[in-house]
>>> print(open('run.pdb').read())   # PDB, C-alpha atoms
ATOM      1  CA  MET A   1     181.006 116.177  81.475
ATOM      2  CA  GLY A   2     182.766 114.070  84.076
ATOM      3  CA  ASP A   3     181.694 111.171  86.241
ATOM      4  CA  LEU A   4     180.662 111.434  89.879
ATOM      5  CA  LEU A   5     182.522 108.766  91.848
ATOM      6  CA  LEU A   6     181.322 107.708  95.287
ATOM      7  CA  ALA A   7     183.353 105.792  97.847
ATOM      8  CA  ARG A   8     181.752 104.489 101.021
ATOM      9  CA  HIS A   9     184.192 104.459 103.917
ATOM     10  CA  GLY A  10     185.776 101.213 105.063
ATOM     11  CA  GLU A  11     184.385  98.999 107.797
ATOM     12  CA  THR A  12     184.074 100.164 111.405
ATOM     13  CA  GLU A  13     183.118  98.076 114.442
ATOM     14  CA  TRP A  14     179.592  99.477 114.287
ATOM     15  CA  SER A  15     179.114  99.017 110.540
ATOM     16  CA  ARG A  16     180.222  95.401 110.928
ATOM     17  CA  ALA A  17     177.623  94.942 113.697
ATOM     18  CA  GLY A  18     174.859  96.704 111.761
ATOM     19  CA  ARG A  19     174.579  99.554 114.272
ATOM     20  CA  HIS A  20     173.374 102.925 112.974
ATOM     21  CA  THR A  21     176.523 105.029 112.885
ATOM     22  CA  GLY A  22     175.676 108.609 112.120
ATOM     23  CA  ARG A  23     177.572 111.274 113.988
ATOM     24  CA  THR A  24     179.562 109.000 116.321
ATOM     25  CA  ASP A  25     183.131 109.395 115.052
ATOM     26  CA  LEU A  26     184.539 105.859 114.920
ATOM     27  CA  PRO A  27     187.846 104.728 113.387
ATOM     28  CA  LEU A  28     188.196 102.081 110.713
ATOM     29  CA  THR A  29     188.874  98.501 111.725
ATOM     30  CA  ALA A  30     191.987  96.794 110.343
ATOM     31  CA  GLY A  31     189.689  95.264 107.717
ATOM     32  CA  GLY A  32     188.279  98.718 106.965
ATOM     33  CA  GLU A  33     191.775 100.077 106.431
ATOM     34  CA  ALA A  34     192.479  97.233 104.000
ATOM     35  CA  GLN A  35     189.229  98.013 102.158
ATOM     36  CA  ALA A  36     190.237 101.672 101.896
ATOM     37  CA  LYS A  37     193.688 100.816 100.528
ATOM     38  CA  SER A  38     192.097  98.504  97.960
ATOM     39  CA  LEU A  39     190.289 101.482  96.413
ATOM     40  CA  ALA A  40     193.573 103.054  95.243
ATOM     41  CA  PRO A  41     194.019 100.820  92.153
ATOM     42  CA  LEU A  42     190.424 101.552  91.103
ATOM     43  CA  LEU A  43     191.236 105.273  91.126
ATOM     44  CA  ALA A  44     194.614 104.980  89.379
ATOM     45  CA  GLY A  45     194.845 107.002  86.208
ATOM     46  CA  ARG A  46     191.870 109.232  87.029
ATOM     47  CA  THR A  47     192.230 112.971  87.394
ATOM     48  CA  PHE A  48     189.746 114.644  89.703
ATOM     49  CA  GLY A  49     188.713 118.262  89.457
ATOM     50  CA  LEU A  50     187.329 118.083  92.988
ATOM     51  CA  VAL A  51     187.592 115.579  95.846
ATOM     52  CA  LEU A  52     185.356 115.998  98.879
ATOM     53  CA  THR A  53     185.121 113.936 102.041
ATOM     54  CA  SER A  54     182.864 113.822 105.043
ATOM     55  CA  PRO A  55     184.427 115.465 108.087
ATOM     56  CA  LEU A  56     184.115 112.203 110.057
ATOM     57  CA  VAL A  57     187.338 110.284 110.655
ATOM     58  CA  ARG A  58     186.208 107.027 109.025
ATOM     59  CA  ALA A  59     185.639 108.819 105.705
ATOM     60  CA  ARG A  60     188.729 111.037 105.935
ATOM     61  CA  ARG A  61     190.929 108.018 106.689
ATOM     62  CA  THR A  62     189.394 106.091 103.801
ATOM     63  CA  ALA A  63     190.207 108.973 101.439
ATOM     64  CA  GLU A  64     193.766 109.147 102.733
ATOM     65  CA  LEU A  65     194.394 105.396 102.420
ATOM     66  CA  ALA A  66     192.889 105.412  98.907
ATOM     67  CA  GLY A  67     195.493 108.013  97.934
ATOM     68  CA  LEU A  68     193.175 111.047  97.984
ATOM     69  CA  THR A  69     195.256 113.038 100.422
ATOM     70  CA  TRP A  70     194.119 116.430  99.073
ATOM     71  CA  ALA A  71     190.389 115.853  99.771
ATOM     72  CA  GLU A  72     188.473 118.850 101.118
ATOM     73  CA  ARG A  73     186.132 118.361 104.062
ATOM     74  CA  GLU A  74     182.481 118.955 103.248
ATOM     75  CA  PRO A  75     180.146 119.088 106.296
ATOM     76  CA  ASP A  76     177.095 118.185 104.181
ATOM     77  CA  LEU A  77     178.690 114.777 103.439
ATOM     78  CA  ALA A  78     178.362 113.704 107.099
ATOM     79  CA  GLU A  79     176.217 110.619 107.621
ATOM     80  CA  TRP A  80     172.490 110.726 108.402
ATOM     81  CA  ASP A  81     171.903 111.968 111.949
ATOM     82  CA  TYR A  82     170.116 108.967 113.492
ATOM     83  CA  GLY A  83     169.001 110.831 116.624
ATOM     84  CA  ALA A  84     167.759 108.422 119.301
ATOM     85  CA  TYR A  85     168.671 105.461 117.069
ATOM     86  CA  GLU A  86     172.396 106.230 117.028
ATOM     87  CA  GLY A  87     174.315 103.039 117.837
ATOM     88  CA  ILE A  88     171.207 100.818 117.670
ATOM     89  CA  THR A  89     170.531  98.076 115.122
ATOM     90  CA  THR A  90     167.386  97.857 113.028
ATOM     91  CA  ALA A  91     166.517  94.561 114.778
ATOM     92  CA  GLU A  92     166.625  96.334 118.149
ATOM     93  CA  ILE A  93     164.393  99.136 116.864
ATOM     94  CA  HIS A  94     161.898  96.611 115.484
ATOM     95  CA  ARG A  95     161.388  95.164 118.982
ATOM     96  CA  THR A  96     159.439  98.292 119.925
ATOM     97  CA  ARG A  97     158.516  99.595 116.435
ATOM     98  CA  PRO A  98     158.032  96.525 114.220
ATOM     99  CA  ASP A  99     156.934  98.567 111.201
ATOM    100  CA  TRP A 100     159.675 101.203 111.445
ATOM    101  CA  ASP A 101     161.500 102.080 108.221
ATOM    102  CA  LEU A 102     164.313 104.645 108.111
ATOM    103  CA  TRP A 103     163.402 105.698 104.582
ATOM    104  CA  THR A 104     159.807 106.630 105.356
ATOM    105  CA  ASP A 105     159.768 107.281 109.112
ATOM    106  CA  GLY A 106     163.087 109.000 109.755
ATOM    107  CA  VAL A 107     164.259 108.932 113.368
ATOM    108  CA  PRO A 108     163.157 110.417 116.690
ATOM    109  CA  PRO A 109     165.375 113.034 118.312
ATOM    110  CA  GLY A 110     167.856 111.814 120.884
ATOM    111  CA  THR A 111     169.526 113.462 123.846
ATOM    112  CA  GLU A 112     172.869 113.787 122.048
ATOM    113  CA  PHE A 113     171.794 113.948 118.397
ATOM    114  CA  ALA A 114     168.786 115.815 116.964
ATOM    115  CA  GLY A 115     167.972 113.307 114.210
ATOM    116  CA  GLU A 116     167.088 113.939 110.558
ATOM    117  CA  SER A 117     164.240 113.082 108.235
ATOM    118  CA  PRO A 118     164.885 111.657 104.765
ATOM    119  CA  GLU A 119     163.979 115.080 103.361
ATOM    120  CA  GLN A 120     166.580 116.837 105.522
ATOM    121  CA  VAL A 121     169.267 114.417 104.346
ATOM    122  CA  GLY A 122     168.031 115.054 100.789
ATOM    123  CA  GLU A 123     168.504 118.799 101.272
ATOM    124  CA  ARG A 124     172.125 118.228 102.298
ATOM    125  CA  ALA A 125     172.663 115.924  99.308
ATOM    126  CA  ASP A 126     171.203 118.583  97.018
ATOM    127  CA  ARG A 127     173.657 121.154  98.400
ATOM    128  CA  VAL A 128     176.566 118.796  97.690
ATOM    129  CA  LEU A 129     175.305 118.197  94.156
ATOM    130  CA  ALA A 130     175.012 121.954  93.609
ATOM    131  CA  ARG A 131     178.552 122.425  94.892
ATOM    132  CA  VAL A 132     180.043 119.832  92.522
ATOM    133  CA  ALA A 133     178.022 120.800  89.422
ATOM    134  CA  GLY A 134     180.644 123.189  88.041
ATOM    135  CA  ALA A 135     183.501 120.754  88.655
ATOM    136  CA  LEU A 136     181.569 117.992  86.859
ATOM    137  CA  GLU A 137     181.407 120.239  83.793
ATOM    138  CA  GLU A 138     185.214 120.079  83.711
ATOM    139  CA  GLY A 139     185.868 116.434  84.683
ATOM    140  CA  ASP A 140     185.487 113.767  87.338
ATOM    141  CA  VAL A 141     184.494 114.465  90.935
ATOM    142  CA  MET A 142     185.109 112.133  93.897
ATOM    143  CA  LEU A 143     183.037 111.978  97.095
ATOM    144  CA  VAL A 144     184.100 109.880 100.089
ATOM    145  CA  ALA A 145     181.331 109.512 102.630
ATOM    146  CA  HIS A 146     178.784 107.169 104.212
ATOM    147  CA  GLY A 147     176.274 104.551 103.154
ATOM    148  CA  HIS A 148     172.918 106.188 103.758
ATOM    149  CA  LEU A 149     174.039 109.685 102.791
ATOM    150  CA  LEU A 150     175.512 108.434  99.493
ATOM    151  CA  ARG A 151     172.362 106.423  98.786
ATOM    152  CA  VAL A 152     170.232 109.563  99.228
ATOM    153  CA  LEU A 153     172.686 111.554  97.103
ATOM    154  CA  THR A 154     172.429 108.933  94.351
ATOM    155  CA  ALA A 155     168.641 109.116  94.414
ATOM    156  CA  ARG A 156     168.750 112.906  94.171
ATOM    157  CA  ARG A 157     171.311 112.828  91.320
ATOM    158  CA  LEU A 158     168.945 110.525  89.423
ATOM    159  CA  GLY A 159     166.011 112.878  90.039
ATOM    160  CA  LEU A 160     164.329 110.620  92.605
ATOM    161  CA  PRO A 161     163.007 111.530  96.066
ATOM    162  CA  PRO A 162     165.384 111.031  99.018
ATOM    163  CA  ALA A 163     163.531 107.913 100.200
ATOM    164  CA  ALA A 164     164.402 106.193  96.907
ATOM    165  CA  GLY A 165     167.897 105.789  98.372
ATOM    166  CA  ARG A 166     166.494 102.561  99.837
ATOM    167  CA  LEU A 167     166.921 101.046  96.357
ATOM    168  CA  PHE A 168     170.721 101.378  96.346
ATOM    169  CA  ARG A 169     172.368  99.062  98.871
ATOM    170  CA  LEU A 170     175.932 100.255  99.411
ATOM    171  CA  GLU A 171     178.684  98.130 100.969
ATOM    172  CA  THR A 172     181.641  99.410 102.985
ATOM    173  CA  GLY A 173     184.888 100.040 101.148
ATOM    174  CA  THR A 174     183.327 100.133  97.685
ATOM    175  CA  LEU A 175     183.450 102.479  94.731
ATOM    176  CA  SER A 176     180.420 103.483  92.665
ATOM    177  CA  ARG A 177     180.146 105.698  89.606
ATOM    178  CA  LEU A 178     177.328 107.904  88.399
ATOM    179  CA  SER A 179     177.642 108.977  84.788
ATOM    180  CA  LEU A 180     175.471 110.308  81.960
ATOM    181  CA  GLU A 181     173.699 108.534  79.143
ATOM    182  CA  HIS A 182     172.100 110.726  76.489
ATOM    183  CA  GLY A 183     172.522 113.670  78.835
ATOM    184  CA  ARG A 184     170.711 112.031  81.765
ATOM    185  CA  PRO A 185     172.290 110.759  85.026
ATOM    186  CA  VAL A 186     172.630 106.970  85.316
ATOM    187  CA  VAL A 187     174.282 104.428  87.598
ATOM    188  CA  ALA A 188     177.324 103.245  85.631
ATOM    189  CA  GLU A 189     178.958 101.084  88.353
ATOM    190  CA  TRP A 190     177.863 100.096  91.840
ATOM    191  CA  ASN A 191     179.633  98.472  94.820
ATOM    192  CA  THR A 192     182.840  97.892  92.859
ATOM    193  CA  ARG A 193     185.762  96.210  94.603
ATOM    194  CA  PRO A 194     189.107  95.191  93.095
TER     195      PRO A 194
END
>>> encode(input="run.pdb", output="structure tokens")
Amino acid sequence: MGDLLLARHGETEWSRAGRHTGRTDLPLTAGGEAQAKSLAPLLAGRTFGLVLTSPLVRARRTAELAGLTWAEREPDLAEWDYGAYEGITTAEIHRTRPDWDLWTDGVPPGTEFAGESPEQVGERADRVLARVAGALEEGDVMLVAHGHLLRVLTARRLGLPPAAGRLFRLETGTLSRLSLEHGRPVVAEWNTRP
């Protein structure tokens, strides 16, 4: 049984500013490109049976710069759809909703983006996990995607509800590894940088 490796895309202008960046397709900053390139040595010597990336440019570019040029696009790896909160910081949201929490409240629909609940993101994460299950039987699998989506996916891999993703802070341009211990999924590495 292989390991499930997770790479969060490199920095964008919005991730640096703490703005919710779901479906807005932003490029990496120069710093984000450097973060992506720094992942390559961490992946050296690994053979992947399957490499999937979000269809959004920040994830695809991260995969490319990390040396994963053969990654397949997987629509279910797109970031959480933040609906009306797209492009807004948590501090700005708290001005009108001081008790708001993404992990329990989800987001209201917006004019451009419909928004998703934690459960809806969990359903997408479950589909990704089902897709990679066979490949994990044969060896390592790599996913290149986004912070909140990968946090939900981690929670689901560990058998936790989607909202438990709040427990796994994930930095830009980092590599994490989910493995098995005594046949059960565990976090083996988290937020690794060279």
>>> closest_residue(input="run.pdb", among="A:Glu171, A:Asp105, A:Glu86, A:Glu123", to="Thr21 (chain A)", atoms="all atoms listed in the file")
A:Glu86
>>> residues_around(input="run.pdb", residues="region 87-96 of chain A", least_positions_apart="5", cutoff="7 Å", atoms="only C-alpha atoms", output="list in words")
Gly18, Arg19, His20 and Thr21 of chain A
>>> closest_residue(input="run.pdb", among="A:Asp140, A:Gly147, A:Val152, A:Glu72", to="Trp103 (chain A)", atoms="only C-alpha atoms")
A:Val152
>>> closest_residue(input="run.pdb", among="A:Arg23, A:His148, A:Arg16, A:Arg131", to="Pro162 (chain A)", atoms="all atoms listed in the file")
A:His148
>>> atom_distance(input="run.pdb", atom1="CA of Leu170 (chain A)", atom2="CA of Phe113 (chain A)")
23.8 Å
>>> closest_residue(input="run.pdb", among="A:Ala44, A:Leu39, A:Ala78, A:Leu153", to="Leu4 (chain A)", atoms="only C-alpha atoms")
A:Leu153
>>> closest_residue(input="run.pdb", among="A:Thr47, A:Thr62, A:Ser54, A:Ser176", to="Ala30 (chain A)", atoms="all atoms listed in the file")
A:Thr62
>>> atom_distance(input="run.pdb", atom1="CA of Leu52 (chain A)", atom2="CA of Leu5 (chain A)")
10.5 Å
>>> atom_distance(input="run.pdb", atom1="CA of Ala84 (chain A)", atom2="CA of Glu112 (chain A)")
7.9 Å
>>> resolve_selection(input="run.pdb", expression="the PyMOL selection byres ((chain A and resi 164) around 9)", output="PyMOL selection string")
chain A and resi 103+151-152+154-156+160-163+165-168
>>> residues_near_point(input="run.pdb", point="(186.4, 104.8, 90.6)", cutoff="12 Å", atoms="only C-alpha atoms", output="PyMOL selection string")
chain A and resi 2-8+38-48+66+68+140-144+173-179+188-194
>>> closest_residue(input="run.pdb", among="A:Val121, A:Ala145, A:Ala36, A:Leu102", to="Arg73 (chain A)", atoms="only C-alpha atoms")
A:Ala145
>>> build_atoms(input="run.pdb", residues="region 90-101 of chain A", atoms="all heavy atoms", output="short mmCIF file (atom, residue, chain, number, x, y, z; two decimals), in the coordinates of the input")
data_model
loop_
_atom_site.label_atom_id
_atom_site.label_comp_id
_atom_site.auth_asym_id
_atom_site.auth_seq_id
_atom_site.Cartn_x
_atom_site.Cartn_y
_atom_site.Cartn_z
N THR A 90 168.77 97.88 113.49
CA THR A 90 167.39 97.86 113.03
C THR A 90 166.60 96.79 113.78
O THR A 90 165.44 97.01 114.15
CB THR A 90 167.33 97.62 111.51
OG1 THR A 90 168.01 98.71 110.86
CG2 THR A 90 165.92 97.53 110.99
N ALA A 91 167.21 95.63 114.03
CA ALA A 91 166.52 94.56 114.78
C ALA A 91 166.11 95.04 116.16
O ALA A 91 165.00 94.72 116.64
CB ALA A 91 167.41 93.33 114.87
N GLU A 92 166.97 95.80 116.83
CA GLU A 92 166.62 96.33 118.15
C GLU A 92 165.48 97.33 118.06
O GLU A 92 164.58 97.33 118.91
CB GLU A 92 167.85 96.99 118.78
CG GLU A 92 168.94 96.00 119.17
CD GLU A 92 170.25 96.67 119.56
OE1 GLU A 92 170.61 97.71 118.96
OE2 GLU A 92 170.92 96.14 120.45
N ILE A 93 165.48 98.16 117.05
CA ILE A 93 164.39 99.14 116.86
C ILE A 93 163.08 98.41 116.62
O ILE A 93 162.03 98.78 117.16
CB ILE A 93 164.72 100.10 115.71
CG1 ILE A 93 165.97 100.92 116.04
CG2 ILE A 93 163.54 101.01 115.40
CD1 ILE A 93 166.58 101.64 114.85
N HIS A 94 163.11 97.35 115.83
CA HIS A 94 161.90 96.61 115.48
C HIS A 94 161.26 95.92 116.69
O HIS A 94 160.08 95.56 116.62
CB HIS A 94 162.17 95.61 114.36
CG HIS A 94 162.27 96.26 113.03
ND1 HIS A 94 162.78 95.62 111.92
CD2 HIS A 94 161.92 97.50 112.59
CE1 HIS A 94 162.74 96.43 110.87
NE2 HIS A 94 162.22 97.58 111.27
N ARG A 95 161.99 95.75 117.77
CA ARG A 95 161.39 95.16 118.98
C ARG A 95 160.28 96.05 119.54
O ARG A 95 159.30 95.55 120.09
CB ARG A 95 162.46 94.92 120.04
CG ARG A 95 163.39 93.79 119.70
CD ARG A 95 164.36 93.49 120.84
NE ARG A 95 165.42 92.66 120.32
CZ ARG A 95 166.71 92.86 120.53
NH1 ARG A 95 167.12 93.87 121.29
NH2 ARG A 95 167.60 92.07 120.01
N THR A 96 160.45 97.37 119.41
CA THR A 96 159.44 98.29 119.92
C THR A 96 158.65 98.96 118.80
O THR A 96 157.54 99.45 119.05
CB THR A 96 160.09 99.39 120.81
OG1 THR A 96 161.09 100.07 120.06
CG2 THR A 96 160.69 98.77 122.06
N ARG A 97 159.20 99.00 117.60
CA ARG A 97 158.52 99.60 116.44
C ARG A 97 158.65 98.64 115.25
O ARG A 97 159.45 98.85 114.35
CB ARG A 97 159.14 100.94 116.08
CG ARG A 97 158.89 102.04 117.09
CD ARG A 97 159.45 103.36 116.64
NE ARG A 97 158.73 103.88 115.48
CZ ARG A 97 159.13 104.94 114.77
NH1 ARG A 97 160.24 105.59 115.10
NH2 ARG A 97 158.43 105.37 113.74
N PRO A 98 157.85 97.56 115.24
CA PRO A 98 158.03 96.52 114.22
C PRO A 98 157.88 97.00 112.78
O PRO A 98 158.44 96.40 111.88
CB PRO A 98 156.97 95.48 114.56
CG PRO A 98 156.18 96.01 115.68
CD PRO A 98 156.79 97.27 116.18
N ASP A 99 157.15 98.08 112.56
CA ASP A 99 156.93 98.57 111.20
C ASP A 99 157.85 99.73 110.83
O ASP A 99 157.71 100.31 109.75
CB ASP A 99 155.47 99.02 111.04
CG ASP A 99 154.51 97.86 111.19
OD1 ASP A 99 154.87 96.73 110.82
OD2 ASP A 99 153.39 98.09 111.69
N TRP A 100 158.81 100.05 111.70
CA TRP A 100 159.68 101.20 111.44
C TRP A 100 160.52 100.99 110.20
O TRP A 100 161.05 99.91 109.94
CB TRP A 100 160.61 101.45 112.63
CG TRP A 100 161.60 102.55 112.37
CD1 TRP A 100 161.36 103.89 112.42
CD2 TRP A 100 162.98 102.40 112.01
NE1 TRP A 100 162.50 104.59 112.11
CE2 TRP A 100 163.51 103.70 111.85
CE3 TRP A 100 163.81 101.32 111.80
CZ2 TRP A 100 164.83 103.93 111.51
CZ3 TRP A 100 165.13 101.54 111.44
CH2 TRP A 100 165.63 102.84 111.31
N ASP A 101 160.66 102.08 109.41
CA ASP A 101 161.50 102.08 108.22
C ASP A 101 162.21 103.43 108.16
O ASP A 101 161.55 104.48 108.12
CB ASP A 101 160.64 101.88 106.98
CG ASP A 101 161.48 101.81 105.71
OD1 ASP A 101 161.81 102.89 105.17
OD2 ASP A 101 161.81 100.71 105.27
#
